[in-house]
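So the structure is just underneath, and the comments pick up after that.
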Amino acid sequence: MAADKMDISHTTILDNEDEKLVEFVAEVDGDEYQFAVQYAVLEALSGDVPDGDAVEQFNLFEDTIAEAGLVALARNSDQATIVISENDLE
């Protein structure tokens with residue numbers, strides 16, 4: 001059975017500009033996972049390339065990112081960091 005809810009820990013959100021990722025920790029079904037969402041996802045959602053505002057874009061689209069994160073988790077639950085890509089958007 002696939003998980004249906006992700007609780008993002010807002011204190012863990014970090015903009016990794018060098019890797020073009022926004023990293024965060026989230027709880028799914030009682031377990032914590034490390035996630036990273038690619039800047040390309042933020043660009044696809046907002047229409048703008050993140051330029052110093054990746055965390056703000058992340059916050060605007062948090063619900064959609066959480067849904068994509070569940071898709072990515074179902075695909076790659078054994079990775080140390082689960083990377084959310086454009087392919088995970090529904």
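To be explicit about the labels: the chains of the structure tokens are called A, B, and onward in the order shown, and within each one the residues are counted from 1, while ligands get numbers from 1 in the order they are shown.
By chain and then residue number, the residues within 12 Å of A:Asp31 are Ala3, Lys5, Met6, Asp7, Ile8, Val25, Ala26, Glu27, Val28, Asp29, Tyr33, Gln34, Leu73 and Ser77 of chain A, counting only C-alpha atoms and disregarding those fewer than 2 positions away in sequence.
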Pull all heavy atoms from the residues just selected and write them as a CSV table (one decimal), in the first residue's frame.
chain,number,residue,atom,x,y,z
A,3,ALA,N,1.9,5.1,0.6
A,3,ALA,CA,1.6,6.2,1.6
A,3,ALA,C,0.8,7.3,1.0
A,3,ALA,O,0.9,7.5,-0.2
A,3,ALA,CB,2.9,6.7,2.1
A,5,LYS,N,0.3,10.4,2.8
A,5,LYS,CA,0.5,11.7,3.5
A,5,LYS,C,2.0,11.9,3.9
A,5,LYS,O,2.6,10.9,4.4
A,5,LYS,CB,-0.3,11.8,4.8
A,5,LYS,CG,-0.2,13.2,5.4
A,5,LYS,CD,-1.3,13.3,6.5
A,5,LYS,CE,-1.4,14.7,7.1
A,5,LYS,NZ,-0.3,15.4,7.4
A,6,MET,N,2.5,13.1,3.6
A,6,MET,CA,3.9,13.4,4.0
A,6,MET,C,3.9,14.6,4.9
A,6,MET,O,3.2,15.6,4.5
A,6,MET,CB,4.7,13.7,2.7
A,6,MET,CG,6.1,14.2,3.0
A,6,MET,SD,7.0,14.7,1.5
A,6,MET,CE,7.3,13.2,0.8
A,7,ASP,N,4.6,14.6,6.0
A,7,ASP,CA,4.7,15.7,6.9
A,7,ASP,C,6.1,16.3,6.8
A,7,ASP,O,7.0,15.6,7.3
A,7,ASP,CB,4.4,15.3,8.4
A,7,ASP,CG,2.9,15.0,8.6
A,7,ASP,OD1,2.0,15.7,8.0
A,7,ASP,OD2,2.6,14.0,9.2
A,8,ILE,N,6.2,17.4,6.2
A,8,ILE,CA,7.5,18.0,6.0
A,8,ILE,C,7.9,18.8,7.2
A,8,ILE,O,7.2,19.5,7.8
A,8,ILE,CB,7.5,19.0,4.8
A,8,ILE,CG1,7.2,18.2,3.5
A,8,ILE,CG2,8.8,19.8,4.7
A,8,ILE,CD1,7.0,19.1,2.3
A,25,VAL,N,13.7,17.1,5.4
A,25,VAL,CA,13.3,15.8,6.0
A,25,VAL,C,11.8,15.8,6.1
A,25,VAL,O,11.2,16.8,6.4
A,25,VAL,CB,14.0,15.7,7.4
A,25,VAL,CG1,13.5,14.5,8.1
A,25,VAL,CG2,15.5,15.7,7.3
A,26,ALA,N,11.2,14.6,5.9
A,26,ALA,CA,9.8,14.5,6.0
A,26,ALA,C,9.5,13.2,6.7
A,26,ALA,O,10.2,12.2,6.5
A,26,ALA,CB,9.1,14.6,4.7
A,27,GLU,N,8.3,13.1,7.3
A,27,GLU,CA,7.9,11.9,8.0
A,27,GLU,C,6.7,11.3,7.1
A,27,GLU,O,5.8,12.0,6.7
A,27,GLU,CB,7.3,12.2,9.4
A,27,GLU,CG,6.9,10.9,10.1
A,27,GLU,CD,6.5,11.2,11.5
A,27,GLU,OE1,7.2,11.9,12.2
A,27,GLU,OE2,5.4,10.7,11.9
A,28,VAL,N,6.9,10.0,6.8
A,28,VAL,CA,5.9,9.3,6.1
A,28,VAL,C,5.6,8.0,6.8
A,28,VAL,O,6.5,7.2,7.0
A,28,VAL,CB,6.3,9.0,4.6
A,28,VAL,CG1,5.3,8.2,3.8
A,28,VAL,CG2,6.7,10.3,3.9
A,29,ASP,N,4.3,7.8,7.2
A,29,ASP,CA,4.0,6.6,7.9
A,29,ASP,C,4.8,6.3,9.1
A,29,ASP,O,5.2,5.1,9.4
A,29,ASP,CB,3.9,5.3,7.0
A,29,ASP,CG,2.8,5.4,6.0
A,29,ASP,OD1,1.8,6.1,6.2
A,29,ASP,OD2,2.9,4.7,4.9
A,33,TYR,N,12.5,10.4,6.4
A,33,TYR,CA,13.2,10.2,5.1
A,33,TYR,C,13.9,11.6,4.8
A,33,TYR,O,13.3,12.6,5.0
A,33,TYR,CB,12.4,9.8,4.0
A,33,TYR,CG,11.7,8.4,4.2
A,33,TYR,CD1,10.5,8.3,4.7
A,33,TYR,CD2,12.4,7.3,3.8
A,33,TYR,CE1,9.9,7.1,4.9
A,33,TYR,CE2,11.8,6.0,4.0
A,33,TYR,CZ,10.6,5.9,4.5
A,33,TYR,OH,10.0,4.7,4.7
A,34,GLN,N,15.0,11.5,4.2
A,34,GLN,CA,15.7,12.7,3.6
A,34,GLN,C,15.3,12.8,2.2
A,34,GLN,O,15.4,11.9,1.4
A,34,GLN,CB,17.2,12.5,3.7
A,34,GLN,CG,18.0,13.7,3.1
A,34,GLN,CD,17.9,15.0,3.9
A,34,GLN,OE1,18.0,14.9,5.1
A,34,GLN,NE2,17.8,16.1,3.2
A,73,LEU,N,9.2,8.4,-3.3
A,73,LEU,CA,9.5,7.4,-2.2
A,73,LEU,C,9.0,6.0,-2.6
A,73,LEU,O,9.8,5.1,-2.4
A,73,LEU,CB,8.7,7.9,-1.0
A,73,LEU,CG,8.8,6.9,0.2
A,73,LEU,CD1,10.3,6.8,0.7
A,73,LEU,CD2,8.0,7.5,1.4
A,77,SER,N,12.6,3.9,-2.2
A,77,SER,CA,12.5,4.1,-0.8
A,77,SER,C,13.8,3.6,-0.1
A,77,SER,O,14.0,4.0,1.1
A,77,SER,CB,11.4,3.2,-0.2
A,77,SER,OG,11.6,1.9,-0.4
When DSSP is applied to the backbone of this structure, which of chain A are assigned strand (DSSP E)? Write them out as an mmCIF file with N, CA and C atoms, in the first residue's frame.
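This went into selection.cif:
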data_model
loop_
_atom_site.group_PDB
_atom_site.id
_atom_site.type_symbol
_atom_site.label_atom_id
_atom_site.label_comp_id
_atom_site.auth_asym_id
_atom_site.auth_seq_id
_atom_site.Cartn_x
_atom_site.Cartn_y
_atom_site.Cartn_z
ATOM 1 N N ASP A 7 4.553 14.570 6.023
ATOM 2 C CA ASP A 7 4.671 15.725 6.913
ATOM 3 C C ASP A 7 6.089 16.261 6.812
ATOM 4 N N ILE A 8 6.227 17.418 6.173
ATOM 5 C CA ILE A 8 7.538 18.032 5.968
ATOM 6 C C ILE A 8 7.943 18.776 7.230
ATOM 7 N N SER A 9 9.184 18.547 7.667
ATOM 8 C CA SER A 9 9.742 19.267 8.806
ATOM 9 C C SER A 9 10.299 20.594 8.291
ATOM 10 N N HIS A 10 9.585 21.681 8.557
ATOM 11 C CA HIS A 10 9.958 22.981 8.010
ATOM 12 C C HIS A 10 11.301 23.489 8.524
ATOM 13 N N THR A 11 11.731 23.020 9.672
ATOM 14 C CA THR A 11 13.019 23.463 10.215
ATOM 15 C C THR A 11 14.196 22.834 9.482
ATOM 16 N N THR A 12 13.927 21.845 8.632
ATOM 17 C CA THR A 12 15.009 21.150 7.930
ATOM 18 C C THR A 12 15.174 21.606 6.479
ATOM 19 N N ILE A 13 14.330 22.512 6.002
ATOM 20 C CA ILE A 13 14.384 22.939 4.595
ATOM 21 C C ILE A 13 15.661 23.739 4.362
ATOM 22 N N LEU A 14 16.439 23.299 3.367
ATOM 23 C CA LEU A 14 17.735 23.912 3.075
ATOM 24 C C LEU A 14 17.905 24.054 1.572
ATOM 25 N N ASP A 15 18.293 25.241 1.128
ATOM 26 C CA ASP A 15 18.581 25.481 -0.285
ATOM 27 C C ASP A 15 20.034 25.107 -0.550
ATOM 28 N N ASN A 16 20.243 24.075 -1.362
ATOM 29 C CA ASN A 16 21.580 23.644 -1.757
ATOM 30 C C ASN A 16 21.810 24.167 -3.173
ATOM 31 N N LEU A 21 19.292 21.935 -5.588
ATOM 32 C CA LEU A 21 18.307 21.139 -4.871
ATOM 33 C C LEU A 21 17.805 21.907 -3.658
ATOM 34 N N VAL A 22 16.568 21.657 -3.271
ATOM 35 C CA VAL A 22 16.082 22.065 -1.955
ATOM 36 C C VAL A 22 15.930 20.766 -1.174
ATOM 37 N N GLU A 23 16.658 20.679 -0.069
ATOM 38 C CA GLU A 23 16.683 19.458 0.737
ATOM 39 C C GLU A 23 15.786 19.632 1.959
ATOM 40 N N PHE A 24 15.194 18.521 2.402
ATOM 41 C CA PHE A 24 14.333 18.560 3.582
ATOM 42 C C PHE A 24 14.133 17.156 4.124
ATOM 43 N N VAL A 25 13.682 17.093 5.359
ATOM 44 C CA VAL A 25 13.320 15.826 6.005
ATOM 45 C C VAL A 25 11.799 15.810 6.132
ATOM 46 N N ALA A 26 11.229 14.641 5.899
ATOM 47 C CA ALA A 26 9.779 14.494 6.026
ATOM 48 C C ALA A 26 9.462 13.153 6.661
ATOM 49 N N GLU A 27 8.331 13.117 7.349
ATOM 50 C CA GLU A 27 7.854 11.880 7.958
ATOM 51 C C GLU A 27 6.736 11.300 7.104
ATOM 52 N N VAL A 28 6.865 10.007 6.817
ATOM 53 C CA VAL A 28 5.858 9.283 6.051
ATOM 54 C C VAL A 28 5.588 7.976 6.789
ATOM 55 N N ASP A 31 7.958 7.034 9.642
ATOM 56 C CA ASP A 31 9.393 6.959 9.365
ATOM 57 C C ASP A 31 9.864 8.271 8.763
ATOM 58 N N GLU A 32 11.095 8.690 9.134
ATOM 59 C CA GLU A 32 11.674 9.906 8.571
ATOM 60 C C GLU A 32 12.545 9.564 7.374
ATOM 61 N N TYR A 33 12.457 10.408 6.356
ATOM 62 C CA TYR A 33 13.248 10.247 5.140
ATOM 63 C C TYR A 33 13.866 11.586 4.767
ATOM 64 N N GLN A 34 15.044 11.518 4.153
ATOM 65 C CA GLN A 34 15.705 12.695 3.614
ATOM 66 C C GLN A 34 15.285 12.827 2.152
ATOM 67 N N PHE A 35 14.790 14.008 1.779
ATOM 68 C CA PHE A 35 14.360 14.274 0.416
ATOM 69 C C PHE A 35 15.142 15.443 -0.160
ATOM 70 N N ALA A 36 15.181 15.504 -1.474
ATOM 71 C CA ALA A 36 15.716 16.655 -2.192
ATOM 72 C C ALA A 36 14.872 16.852 -3.429
ATOM 73 N N VAL A 37 14.418 18.075 -3.642
ATOM 74 C CA VAL A 37 13.634 18.387 -4.835
ATOM 75 C C VAL A 37 14.520 19.200 -5.781
ATOM 76 N N GLN A 38 14.554 18.784 -7.024
ATOM 77 C CA GLN A 38 15.386 19.444 -8.018
ATOM 78 C C GLN A 38 14.826 20.824 -8.357
ATOM 79 N N THR A 81 19.023 9.589 0.153
ATOM 80 C CA THR A 81 18.275 10.809 -0.147
ATOM 81 C C THR A 81 17.380 10.520 -1.341
ATOM 82 N N ILE A 82 16.111 10.751 -1.163
ATOM 83 C CA ILE A 82 15.135 10.502 -2.224
ATOM 84 C C ILE A 82 14.984 11.790 -3.023
ATOM 85 N N VAL A 83 15.390 11.739 -4.282
ATOM 86 C CA VAL A 83 15.370 12.920 -5.142
ATOM 87 C C VAL A 83 14.054 12.984 -5.907
ATOM 88 N N ILE A 84 13.390 14.117 -5.776
ATOM 89 C CA ILE A 84 12.136 14.364 -6.466
ATOM 90 C C ILE A 84 12.450 15.067 -7.779
#
Which residues come within 9 Å of A:Gln57, counting only C-alpha atoms, excluding same-chain residues fewer than 3 positions away, as a PDB file with all heavy atoms, in the first residue's frame?
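What follows is the written file result-v8.pdb:
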ATOM      1  N   LEU A  42      10.882  22.932  -9.306  1.00  0.00           N
ATOM      2  CA  LEU A  42      10.406  24.251  -8.901  1.00  0.00           C
ATOM      3  C   LEU A  42      10.145  25.123 -10.124  1.00  0.00           C
ATOM      4  O   LEU A  42       9.152  25.854 -10.177  1.00  0.00           O
ATOM      5  CB  LEU A  42      11.424  24.916  -7.971  1.00  0.00           C
ATOM      6  CG  LEU A  42      11.710  24.175  -6.668  1.00  0.00           C
ATOM      7  CD1 LEU A  42      12.834  24.856  -5.905  1.00  0.00           C
ATOM      8  CD2 LEU A  42      10.469  24.061  -5.819  1.00  0.00           C
ATOM      9  N   GLU A  43      11.020  25.037 -11.109  1.00  0.00           N
ATOM     10  CA  GLU A  43      10.839  25.800 -12.341  1.00  0.00           C
ATOM     11  C   GLU A  43       9.588  25.336 -13.088  1.00  0.00           C
ATOM     12  O   GLU A  43       8.808  26.155 -13.599  1.00  0.00           O
ATOM     13  CB  GLU A  43      12.060  25.667 -13.236  1.00  0.00           C
ATOM     14  CG  GLU A  43      11.957  26.460 -14.513  1.00  0.00           C
ATOM     15  CD  GLU A  43      13.182  26.361 -15.390  1.00  0.00           C
ATOM     16  OE1 GLU A  43      14.163  25.688 -15.024  1.00  0.00           O
ATOM     17  OE2 GLU A  43      13.141  26.965 -16.486  1.00  0.00           O
ATOM     18  N   LEU A  45       6.922  24.051 -11.833  1.00  0.00           N
ATOM     19  CA  LEU A  45       5.728  24.457 -11.095  1.00  0.00           C
ATOM     20  C   LEU A  45       5.478  25.959 -11.147  1.00  0.00           C
ATOM     21  O   LEU A  45       4.339  26.404 -11.248  1.00  0.00           O
ATOM     22  CB  LEU A  45       5.832  23.998  -9.637  1.00  0.00           C
ATOM     23  CG  LEU A  45       5.797  22.496  -9.411  1.00  0.00           C
ATOM     24  CD1 LEU A  45       6.141  22.175  -7.967  1.00  0.00           C
ATOM     25  CD2 LEU A  45       4.443  21.921  -9.788  1.00  0.00           C
ATOM     26  N   SER A  46       6.558  26.746 -11.075  1.00  0.00           N
ATOM     27  CA  SER A  46       6.407  28.200 -10.978  1.00  0.00           C
ATOM     28  C   SER A  46       6.546  28.930 -12.304  1.00  0.00           C
ATOM     29  O   SER A  46       6.061  30.053 -12.449  1.00  0.00           O
ATOM     30  CB  SER A  46       7.436  28.770 -10.007  1.00  0.00           C
ATOM     31  OG  SER A  46       8.745  28.685 -10.578  1.00  0.00           O
ATOM     32  N   PRO A  50      14.682  29.114 -10.159  1.00  0.00           N
ATOM     33  CA  PRO A  50      15.023  29.616  -8.828  1.00  0.00           C
ATOM     34  C   PRO A  50      16.306  30.463  -8.887  1.00  0.00           C
ATOM     35  O   PRO A  50      17.306  30.045  -9.463  1.00  0.00           O
ATOM     36  CB  PRO A  50      15.248  28.354  -8.005  1.00  0.00           C
ATOM     37  CG  PRO A  50      14.449  27.305  -8.707  1.00  0.00           C
ATOM     38  CD  PRO A  50      14.570  27.655 -10.168  1.00  0.00           C
ATOM     39  N   ASP A  53      15.600  32.307  -4.541  1.00  0.00           N
ATOM     40  CA  ASP A  53      14.274  32.202  -3.932  1.00  0.00           C
ATOM     41  C   ASP A  53      13.727  30.775  -3.967  1.00  0.00           C
ATOM     42  O   ASP A  53      12.516  30.566  -3.942  1.00  0.00           O
ATOM     43  CB  ASP A  53      13.296  33.158  -4.608  1.00  0.00           C
ATOM     44  CG  ASP A  53      13.063  32.841  -6.081  1.00  0.00           C
ATOM     45  OD1 ASP A  53      13.826  32.028  -6.657  1.00  0.00           O
ATOM     46  OD2 ASP A  53      12.125  33.406  -6.660  1.00  0.00           O
ATOM     47  N   ALA A  54      14.609  29.797  -4.005  1.00  0.00           N
ATOM     48  CA  ALA A  54      14.177  28.403  -4.117  1.00  0.00           C
ATOM     49  C   ALA A  54      13.314  27.972  -2.927  1.00  0.00           C
ATOM     50  O   ALA A  54      12.322  27.266  -3.113  1.00  0.00           O
ATOM     51  CB  ALA A  54      15.383  27.478  -4.268  1.00  0.00           C
ATOM     52  N   LEU A  60       5.638  27.753  -1.685  1.00  0.00           N
ATOM     53  CA  LEU A  60       4.434  28.013  -2.471  1.00  0.00           C
ATOM     54  C   LEU A  60       3.813  26.730  -3.019  1.00  0.00           C
ATOM     55  O   LEU A  60       2.590  26.628  -3.149  1.00  0.00           O
ATOM     56  CB  LEU A  60       4.755  28.954  -3.642  1.00  0.00           C
ATOM     57  CG  LEU A  60       4.973  30.417  -3.307  1.00  0.00           C
ATOM     58  CD1 LEU A  60       5.444  31.173  -4.547  1.00  0.00           C
ATOM     59  CD2 LEU A  60       3.690  31.034  -2.767  1.00  0.00           C
ATOM     60  N   PHE A  61       4.664  25.768  -3.345  1.00  0.00           N
ATOM     61  CA  PHE A  61       4.193  24.539  -3.988  1.00  0.00           C
ATOM     62  C   PHE A  61       4.386  23.306  -3.099  1.00  0.00           C
ATOM     63  O   PHE A  61       4.482  22.186  -3.584  1.00  0.00           O
ATOM     64  CB  PHE A  61       4.924  24.349  -5.332  1.00  0.00           C
ATOM     65  CG  PHE A  61       4.644  25.462  -6.293  1.00  0.00           C
ATOM     66  CD1 PHE A  61       5.550  26.485  -6.473  1.00  0.00           C
ATOM     67  CD2 PHE A  61       3.450  25.508  -6.986  1.00  0.00           C
ATOM     68  CE1 PHE A  61       5.285  27.531  -7.345  1.00  0.00           C
ATOM     69  CE2 PHE A  61       3.171  26.547  -7.864  1.00  0.00           C
ATOM     70  CZ  PHE A  61       4.099  27.562  -8.044  1.00  0.00           C
ATOM     71  N   GLU A  62       4.397  23.533  -1.796  1.00  0.00           N
ATOM     72  CA  GLU A  62       4.673  22.456  -0.838  1.00  0.00           C
ATOM     73  C   GLU A  62       3.750  21.254  -1.009  1.00  0.00           C
ATOM     74  O   GLU A  62       4.206  20.108  -0.982  1.00  0.00           O
ATOM     75  CB  GLU A  62       4.567  22.997   0.590  1.00  0.00           C
ATOM     76  CG  GLU A  62       4.825  21.956   1.643  1.00  0.00           C
ATOM     77  CD  GLU A  62       4.730  22.513   3.046  1.00  0.00           C
ATOM     78  OE1 GLU A  62       4.940  23.717   3.255  1.00  0.00           O
ATOM     79  OE2 GLU A  62       4.438  21.715   3.948  1.00  0.00           O
TER      80      GLU A  62
END
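The two atoms in question, atom CA of A:Gly52 and atom CA of A:Ala66, are spaced 21.4 Å apart.
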- line: Correct to one decimal, the distance atom CA of A:Gly69-atom CA of A:Asp88 is 7.3 Å
query: What is the atom CA of A:Asn76 to atom CA of A:Val49 distance in Å?
result: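 Computing the Euclidean distance for atom CA of A:Asn76 and atom CA of A:Val49 yields 26.1 Å.
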- request: Can you work out which one of A:Asp4, A:Phe58, A:Ala40, A:Glu67 has the shortest atom-to-atom distance to A:Ser85, counting only C-alpha atoms?
  value: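 Between A:Asp4, A:Phe58, A:Ala40, A:Glu67, the residue approaching A:Ser85 most closely is A:Ala40.
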- prompt: Among chain A, which ones does DSSP place in helix (DSSP H, G or I), written as number ranges by chain?
  reply: A: 39-46, 54-60, 62-75, 86-88
